[in-house]
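Please read the structure below before turning to the comments.
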Amino acid sequence: MLFDTHAHYDDPAFDADRDAVLSALIDKGVGLVVIPGCTVDTSRQAVELAEKFPHVYAAVGVHPQDCGDFGDRALQELRELAAHPKAVAIGEIGLDYYWQENPSREKQKEALRAQLSLARELKLPVIIHDRDAHADAMEAVQAFPDVRGVFHCYSGSVETARQLLKMGWMLSFNGALTFKNARRAPEVVAEIPLDRIMIETDAPFLAPEPYRGRRNDSGYVYLVAEKIAAIKGISPGEVERITWENGKRFFGIQ
């Protein structure tokens with residue numbers, strides 16, 4: 001079975017058929033899914049979906065694009081949501097310097113530090129979003145050496161990947177790995193051991209080739225596994241087996 005470790009089923013793109021898509025995943029060979037929140041509200045939705053579907057788990061967090069009003073109240077609400085037995089991580093949190101309209105860099109750093117501190121308090125892993133902020137993201141996670149996590153949709157260098165592996169972190173890859181113009185991610189996959197890799201869709205975004213541009217869902221995650229298998233020179237079944245175990249171990253799912 002495949003484990004999609006990052007899919008946004010709270011997104012409006014699934015409003016018309018959310019339950020049908022999630023219900024059909026087992027038959028498509030997808031046995032586990034983690035839905036990360038991006039706001040307090042979507043974190044709550046993720047927990048509600050995890051309650052509804054046995055194969056679905058939740059992460060709770062505030063995304064850097066949505067952290068403009070982040071403060072003590074949001075942190076307390078996340079703490080309460082994280083107490084749910086199917087809440088398995090703090091995320092999606094991080095830094096995003098790509099969009100000019102995002103909250104200030106200092107506000108993003110403040111929200112990230114607070115949520116890393118929450119993860120340390122609750123002894124939960126974190127899911128990191130890092131877009132055009134590699135140096136500051138590394139500085140932030142290095143300040144919390146007792147927190148472990150995953151850089152989702154990893155886009156950094158091989159050198160940064162090596163640093164993260166030394167710290168005990170995981171890296172996750174999605175459909176962007178399959179794009180014809182992908183350069184850095186395939187180099188990283190070739191370099192790092194398979195037991196430190198997880199797979200994801202980031203649905204409804206970043207559908208893999210040959211479905212690029214369509215709405216993505218967990219039914220396409222097998223294409224990410226196949227691409228990793230091709231890079232590593234092993235069978236897709238081996239990638240499926242190892243990434244399944246990696247995801248379960250990372251999120252503490254029995």
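Here, A, B, ... name the chains of the structure tokens in the order displayed, residue numbers run from 1 inside each chain, and ligands are numbered from 1 in the same displayed order.
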Neighbours of stretch 128-144 of chain A within 7 Å (only C-alpha atoms; same-chain residues fewer than 4 positions away dropped), as an mmCIF file with C-alpha atoms, in the first residue's frame?
data_model
loop_
_atom_site.group_PDB
_atom_site.id
_atom_site.type_symbol
_atom_site.label_atom_id
_atom_site.label_comp_id
_atom_site.auth_asym_id
_atom_site.auth_seq_id
_atom_site.Cartn_x
_atom_site.Cartn_y
_atom_site.Cartn_z
ATOM 1 C CA GLY A 91 2.114 21.387 10.170
ATOM 2 C CA GLU A 92 2.080 22.768 7.622
ATOM 3 C CA ILE A 93 4.390 25.397 9.049
ATOM 4 C CA GLY A 94 7.454 27.165 7.720
ATOM 5 C CA LEU A 95 8.606 30.113 5.625
ATOM 6 C CA ASP A 96 7.527 31.359 2.202
ATOM 7 C CA TYR A 97 9.407 34.300 0.711
ATOM 8 C CA TYR A 98 8.113 33.772 -2.828
ATOM 9 C CA ARG A 113 9.364 29.502 16.133
ATOM 10 C CA VAL A 150 10.114 16.569 7.292
ATOM 11 C CA PHE A 151 10.769 19.187 4.629
ATOM 12 C CA HIS A 152 7.788 18.552 2.373
ATOM 13 C CA GLY A 156 16.762 22.501 -1.506
#
Assign secondary structure with DSSP using the backbone only, and return the residues of stretch 69-221 of chain A in strand (DSSP E) as a list in words. Ala87, Val88, Ala89, Ile90, Gly91, Glu92, Ile93, Gly94, Leu95, Asp96, Val126, Ile127, Ile128, His129, Asp130, Arg131, Gly149, Val150, Phe151, Met170, Leu171, Ser172, Phe173, Ile197, Met198 and Ile199 of chain A
Same residues, C-alpha atoms, saved as a PDB file, in the first residue's frame:
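selection.pdb written:
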ATOM      1  CA  ALA A  87      -3.419  14.397  15.050  1.00  0.00           C
ATOM      2  CA  VAL A  88       0.095  13.151  14.279  1.00  0.00           C
ATOM      3  CA  ALA A  89       2.173  16.277  13.547  1.00  0.00           C
ATOM      4  CA  ILE A  90       2.405  20.058  13.697  1.00  0.00           C
ATOM      5  CA  GLY A  91       2.114  21.387  10.170  1.00  0.00           C
ATOM      6  CA  GLU A  92       2.080  22.768   7.622  1.00  0.00           C
ATOM      7  CA  ILE A  93       4.390  25.397   9.049  1.00  0.00           C
ATOM      8  CA  GLY A  94       7.454  27.165   7.720  1.00  0.00           C
ATOM      9  CA  LEU A  95       8.606  30.113   5.625  1.00  0.00           C
ATOM     10  CA  ASP A  96       7.527  31.359   2.202  1.00  0.00           C
ATOM     11  CA  VAL A 126       6.724  18.919  12.209  1.00  0.00           C
ATOM     12  CA  ILE A 127       5.937  19.367   8.519  1.00  0.00           C
ATOM     13  CA  ILE A 128       7.996  22.221   7.072  1.00  0.00           C
ATOM     14  CA  HIS A 129       7.098  24.369   4.057  1.00  0.00           C
ATOM     15  CA  ASP A 130      10.185  26.123   2.685  1.00  0.00           C
ATOM     16  CA  ARG A 131       9.887  28.247  -0.427  1.00  0.00           C
ATOM     17  CA  GLY A 149      10.400  16.737  11.045  1.00  0.00           C
ATOM     18  CA  VAL A 150      10.114  16.569   7.292  1.00  0.00           C
ATOM     19  CA  PHE A 151      10.769  19.187   4.629  1.00  0.00           C
ATOM     20  CA  MET A 170      13.130  13.305   6.553  1.00  0.00           C
ATOM     21  CA  LEU A 171      12.590  14.685   3.044  1.00  0.00           C
ATOM     22  CA  SER A 172       9.382  14.298   1.061  1.00  0.00           C
ATOM     23  CA  PHE A 173       8.823  14.464  -2.693  1.00  0.00           C
ATOM     24  CA  ILE A 197      12.346   9.598   1.934  1.00  0.00           C
ATOM     25  CA  MET A 198       8.577   9.982   2.084  1.00  0.00           C
ATOM     26  CA  ILE A 199       6.158  10.472  -0.801  1.00  0.00           C
TER      27      ILE A 199
END
Excluding same-chain residues fewer than 2 positions from stretch 181-194 of chain A, what lies within 8 Å of it counting only C-alpha atoms, as an MDAnalysis selection string? chainID A and resid 154:158 161:162 173 176:179 196:197 228 231:232 239 242:243
A:Asp202: which residues within 9 Å, counting only C-alpha atoms, same-chain residues fewer than 4 positions away excluded, as a ChimeraX atom specification? /A:4-8,152-153,174-175,206-207,216-218
Determine, counting only C-alpha atoms, which protein, DNA and RNA residues have an atom within 8 Å of an atom of stretch 38-50 of chain A; residues of the same chain fewer than 5 positions away are not included. Present the result as number ranges by chain. A: 9-10, 55-63, 66-67, 74, 77-78, 81, 84, 86-87, 91-93
Output file for the selection above: N, CA and C atoms, as a short mmCIF file (atom, residue, chain, number, x, y, z; two decimals), in the first residue's frame:
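Everything below was put into out.cif:
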data_model
loop_
_atom_site.label_atom_id
_atom_site.label_comp_id
_atom_site.auth_asym_id
_atom_site.auth_seq_id
_atom_site.Cartn_x
_atom_site.Cartn_y
_atom_site.Cartn_z
N TYR A 9 -7.05 17.83 1.56
CA TYR A 9 -8.44 17.51 1.21
C TYR A 9 -9.45 18.48 1.80
N ASP A 10 -8.98 19.44 2.58
CA ASP A 10 -9.85 20.54 3.01
C ASP A 10 -10.04 21.57 1.89
N HIS A 55 -8.47 5.61 7.42
CA HIS A 55 -7.15 5.67 6.80
C HIS A 55 -6.60 7.09 6.71
N VAL A 56 -7.30 8.05 7.30
CA VAL A 56 -6.90 9.46 7.22
C VAL A 56 -6.43 9.94 8.59
N TYR A 57 -5.31 10.68 8.59
CA TYR A 57 -4.78 11.31 9.79
C TYR A 57 -4.60 12.81 9.52
N ALA A 58 -4.41 13.57 10.59
CA ALA A 58 -4.34 15.03 10.47
C ALA A 58 -3.03 15.56 11.03
N ALA A 59 -2.60 16.70 10.49
CA ALA A 59 -1.59 17.54 11.11
C ALA A 59 -2.24 18.91 11.32
N VAL A 60 -1.80 19.62 12.34
CA VAL A 60 -2.41 20.91 12.66
C VAL A 60 -1.33 21.98 12.71
N GLY A 61 -1.60 23.10 12.03
CA GLY A 61 -0.62 24.17 12.00
C GLY A 61 -1.10 25.35 11.19
N VAL A 62 -0.32 26.41 11.22
CA VAL A 62 -0.61 27.63 10.46
C VAL A 62 0.53 27.87 9.47
N HIS A 63 0.16 27.91 8.21
CA HIS A 63 1.08 28.07 7.08
C HIS A 63 1.64 29.49 7.07
N ASP A 66 -0.48 32.28 5.84
CA ASP A 66 -1.70 32.56 6.61
C ASP A 66 -1.42 33.00 8.04
N CYS A 67 -0.18 33.42 8.31
CA CYS A 67 0.20 33.66 9.71
C CYS A 67 0.10 35.13 10.12
N ALA A 74 -4.35 31.48 18.59
CA ALA A 74 -4.18 30.44 17.57
C ALA A 74 -3.32 29.30 18.11
N GLU A 77 -5.37 27.11 20.34
CA GLU A 77 -6.31 26.28 19.58
C GLU A 77 -5.58 25.12 18.91
N LEU A 78 -4.38 25.38 18.39
CA LEU A 78 -3.59 24.29 17.81
C LEU A 78 -3.22 23.26 18.87
N LEU A 81 -6.24 21.10 19.40
CA LEU A 81 -6.47 20.20 18.26
C LEU A 81 -5.43 19.08 18.22
N HIS A 84 -5.90 15.56 19.81
CA HIS A 84 -6.73 14.51 19.21
C HIS A 84 -5.86 13.30 18.89
N LYS A 86 -5.81 11.31 16.49
CA LYS A 86 -5.43 11.16 15.09
C LYS A 86 -4.68 12.37 14.55
N ALA A 87 -4.30 13.29 15.43
CA ALA A 87 -3.42 14.40 15.05
C ALA A 87 -1.99 13.93 15.27
N GLY A 91 1.82 21.00 11.54
CA GLY A 91 2.11 21.39 10.17
C GLY A 91 0.84 21.69 9.40
N GLU A 92 0.92 22.41 8.41
CA GLU A 92 2.08 22.77 7.62
C GLU A 92 2.58 24.13 8.08
N ILE A 93 3.80 24.17 8.54
CA ILE A 93 4.39 25.40 9.05
C ILE A 93 5.67 25.69 8.27
#
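Take the candidates A:Thr201, A:Glu209, A:Pro236, A:Trp99 and check each one against A:Val221 using only C-alpha atoms; the shortest distance goes to A:Thr201.
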Step one, run DSSP on the backbone; step two, keep only residues of stretch 127-196 of chain A assigned to helix (DSSP H, G or I); then write them as number ranges by chain. A: 134-142, 158-166, 175-178, 184-191, 194-196
Could the residues in this selection be written to a file with N, CA and C atoms, as a tab-separated table (two decimals), in the first residue's frame?
chain	number	residue	atom	x	y	z
A	134	HIS	N	15.53	29.01	2.16
A	134	HIS	CA	16.31	27.87	2.65
A	134	HIS	C	17.18	28.21	3.86
A	135	ALA	N	17.90	29.32	3.79
A	135	ALA	CA	18.83	29.65	4.89
A	135	ALA	C	18.08	29.91	6.18
A	136	ASP	N	17.01	30.70	6.12
A	136	ASP	CA	16.27	31.03	7.33
A	136	ASP	C	15.51	29.82	7.87
A	137	ALA	N	15.01	28.96	6.98
A	137	ALA	CA	14.32	27.74	7.43
A	137	ALA	C	15.30	26.83	8.17
A	138	MET	N	16.50	26.68	7.63
A	138	MET	CA	17.51	25.85	8.30
A	138	MET	C	17.89	26.44	9.65
A	139	GLU	N	18.05	27.75	9.69
A	139	GLU	CA	18.40	28.40	10.96
A	139	GLU	C	17.33	28.14	12.01
A	140	ALA	N	16.07	28.20	11.59
A	140	ALA	CA	14.96	27.99	12.53
A	140	ALA	C	14.95	26.57	13.08
A	141	VAL	N	15.07	25.58	12.21
A	141	VAL	CA	14.98	24.20	12.71
A	141	VAL	C	16.23	23.82	13.49
A	142	GLN	N	17.38	24.40	13.15
A	142	GLN	CA	18.60	24.11	13.90
A	142	GLN	C	18.52	24.66	15.33
A	158	VAL	N	21.50	19.40	-2.52
A	158	VAL	CA	22.03	18.15	-1.95
A	158	VAL	C	22.76	18.45	-0.64
A	159	GLU	N	23.50	19.54	-0.60
A	159	GLU	CA	24.25	19.88	0.61
A	159	GLU	C	23.32	20.12	1.80
A	160	THR	N	22.23	20.86	1.58
A	160	THR	CA	21.26	21.09	2.65
A	160	THR	C	20.59	19.79	3.05
A	161	ALA	N	20.30	18.94	2.08
A	161	ALA	CA	19.71	17.64	2.37
A	161	ALA	C	20.62	16.84	3.30
A	162	ARG	N	21.92	16.86	3.03
A	162	ARG	CA	22.86	16.13	3.89
A	162	ARG	C	22.82	16.67	5.32
A	163	GLN	N	22.72	18.00	5.46
A	163	GLN	CA	22.63	18.60	6.80
A	163	GLN	C	21.39	18.11	7.52
A	164	LEU	N	20.26	18.10	6.82
A	164	LEU	CA	19.01	17.67	7.43
A	164	LEU	C	19.07	16.20	7.84
A	165	LEU	N	19.67	15.37	7.02
A	165	LEU	CA	19.79	13.96	7.37
A	165	LEU	C	20.62	13.78	8.63
A	166	LYS	N	21.69	14.54	8.79
A	166	LYS	CA	22.51	14.46	10.00
A	166	LYS	C	21.72	14.85	11.24
A	175	GLY	N	4.73	15.31	-7.00
A	175	GLY	CA	4.68	15.27	-8.45
A	175	GLY	C	5.70	16.15	-9.15
A	176	ALA	N	6.18	17.19	-8.46
A	176	ALA	CA	7.20	18.06	-9.07
A	176	ALA	C	8.46	17.27	-9.45
A	177	LEU	N	8.70	16.17	-8.75
A	177	LEU	CA	9.85	15.32	-9.06
A	177	LEU	C	9.77	14.74	-10.47
A	178	THR	N	8.54	14.57	-10.98
A	178	THR	CA	8.34	13.94	-12.29
A	178	THR	C	8.37	14.94	-13.44
A	184	ARG	N	16.99	19.67	-9.54
A	184	ARG	CA	17.57	19.53	-8.21
A	184	ARG	C	16.98	18.34	-7.46
A	185	ALA	N	15.65	18.18	-7.49
A	185	ALA	CA	15.02	17.10	-6.71
A	185	ALA	C	15.51	15.72	-7.13
A	186	PRO	N	15.62	15.41	-8.43
A	186	PRO	CA	16.16	14.10	-8.80
A	186	PRO	C	17.59	13.88	-8.31
A	187	GLU	N	18.39	14.93	-8.29
A	187	GLU	CA	19.76	14.82	-7.77
A	187	GLU	C	19.74	14.45	-6.29
A	188	VAL	N	18.83	15.07	-5.54
A	188	VAL	CA	18.74	14.80	-4.11
A	188	VAL	C	18.26	13.36	-3.88
A	189	VAL	N	17.23	12.94	-4.61
A	189	VAL	CA	16.72	11.57	-4.47
A	189	VAL	C	17.82	10.55	-4.76
A	190	ALA	N	18.63	10.81	-5.77
A	190	ALA	CA	19.72	9.90	-6.10
A	190	ALA	C	20.76	9.82	-5.00
A	191	GLU	N	20.90	10.89	-4.25
A	191	GLU	CA	21.97	11.00	-3.25
A	191	GLU	C	21.60	10.40	-1.90
A	194	LEU	N	17.02	5.66	0.88
A	194	LEU	CA	15.57	5.53	0.73
A	194	LEU	C	14.84	5.55	2.06
A	195	ASP	N	15.51	5.15	3.14
A	195	ASP	CA	14.83	5.13	4.43
A	195	ASP	C	14.65	6.52	5.04
A	196	ARG	N	15.06	7.57	4.29
A	196	ARG	CA	14.84	8.95	4.76
A	196	ARG	C	13.91	9.71	3.83
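Note that atom CA of A:Phe250 and atom CA of A:Gln115 are 18.1 Å apart.
Taking atom CA of A:Pro64 as the reference point, atom CA of A:Lys107 is found at 8.5 Å.
In this model, the gap between atom CA of A:Ile35 and atom CA of A:Gly237 comes to 24.0 Å.
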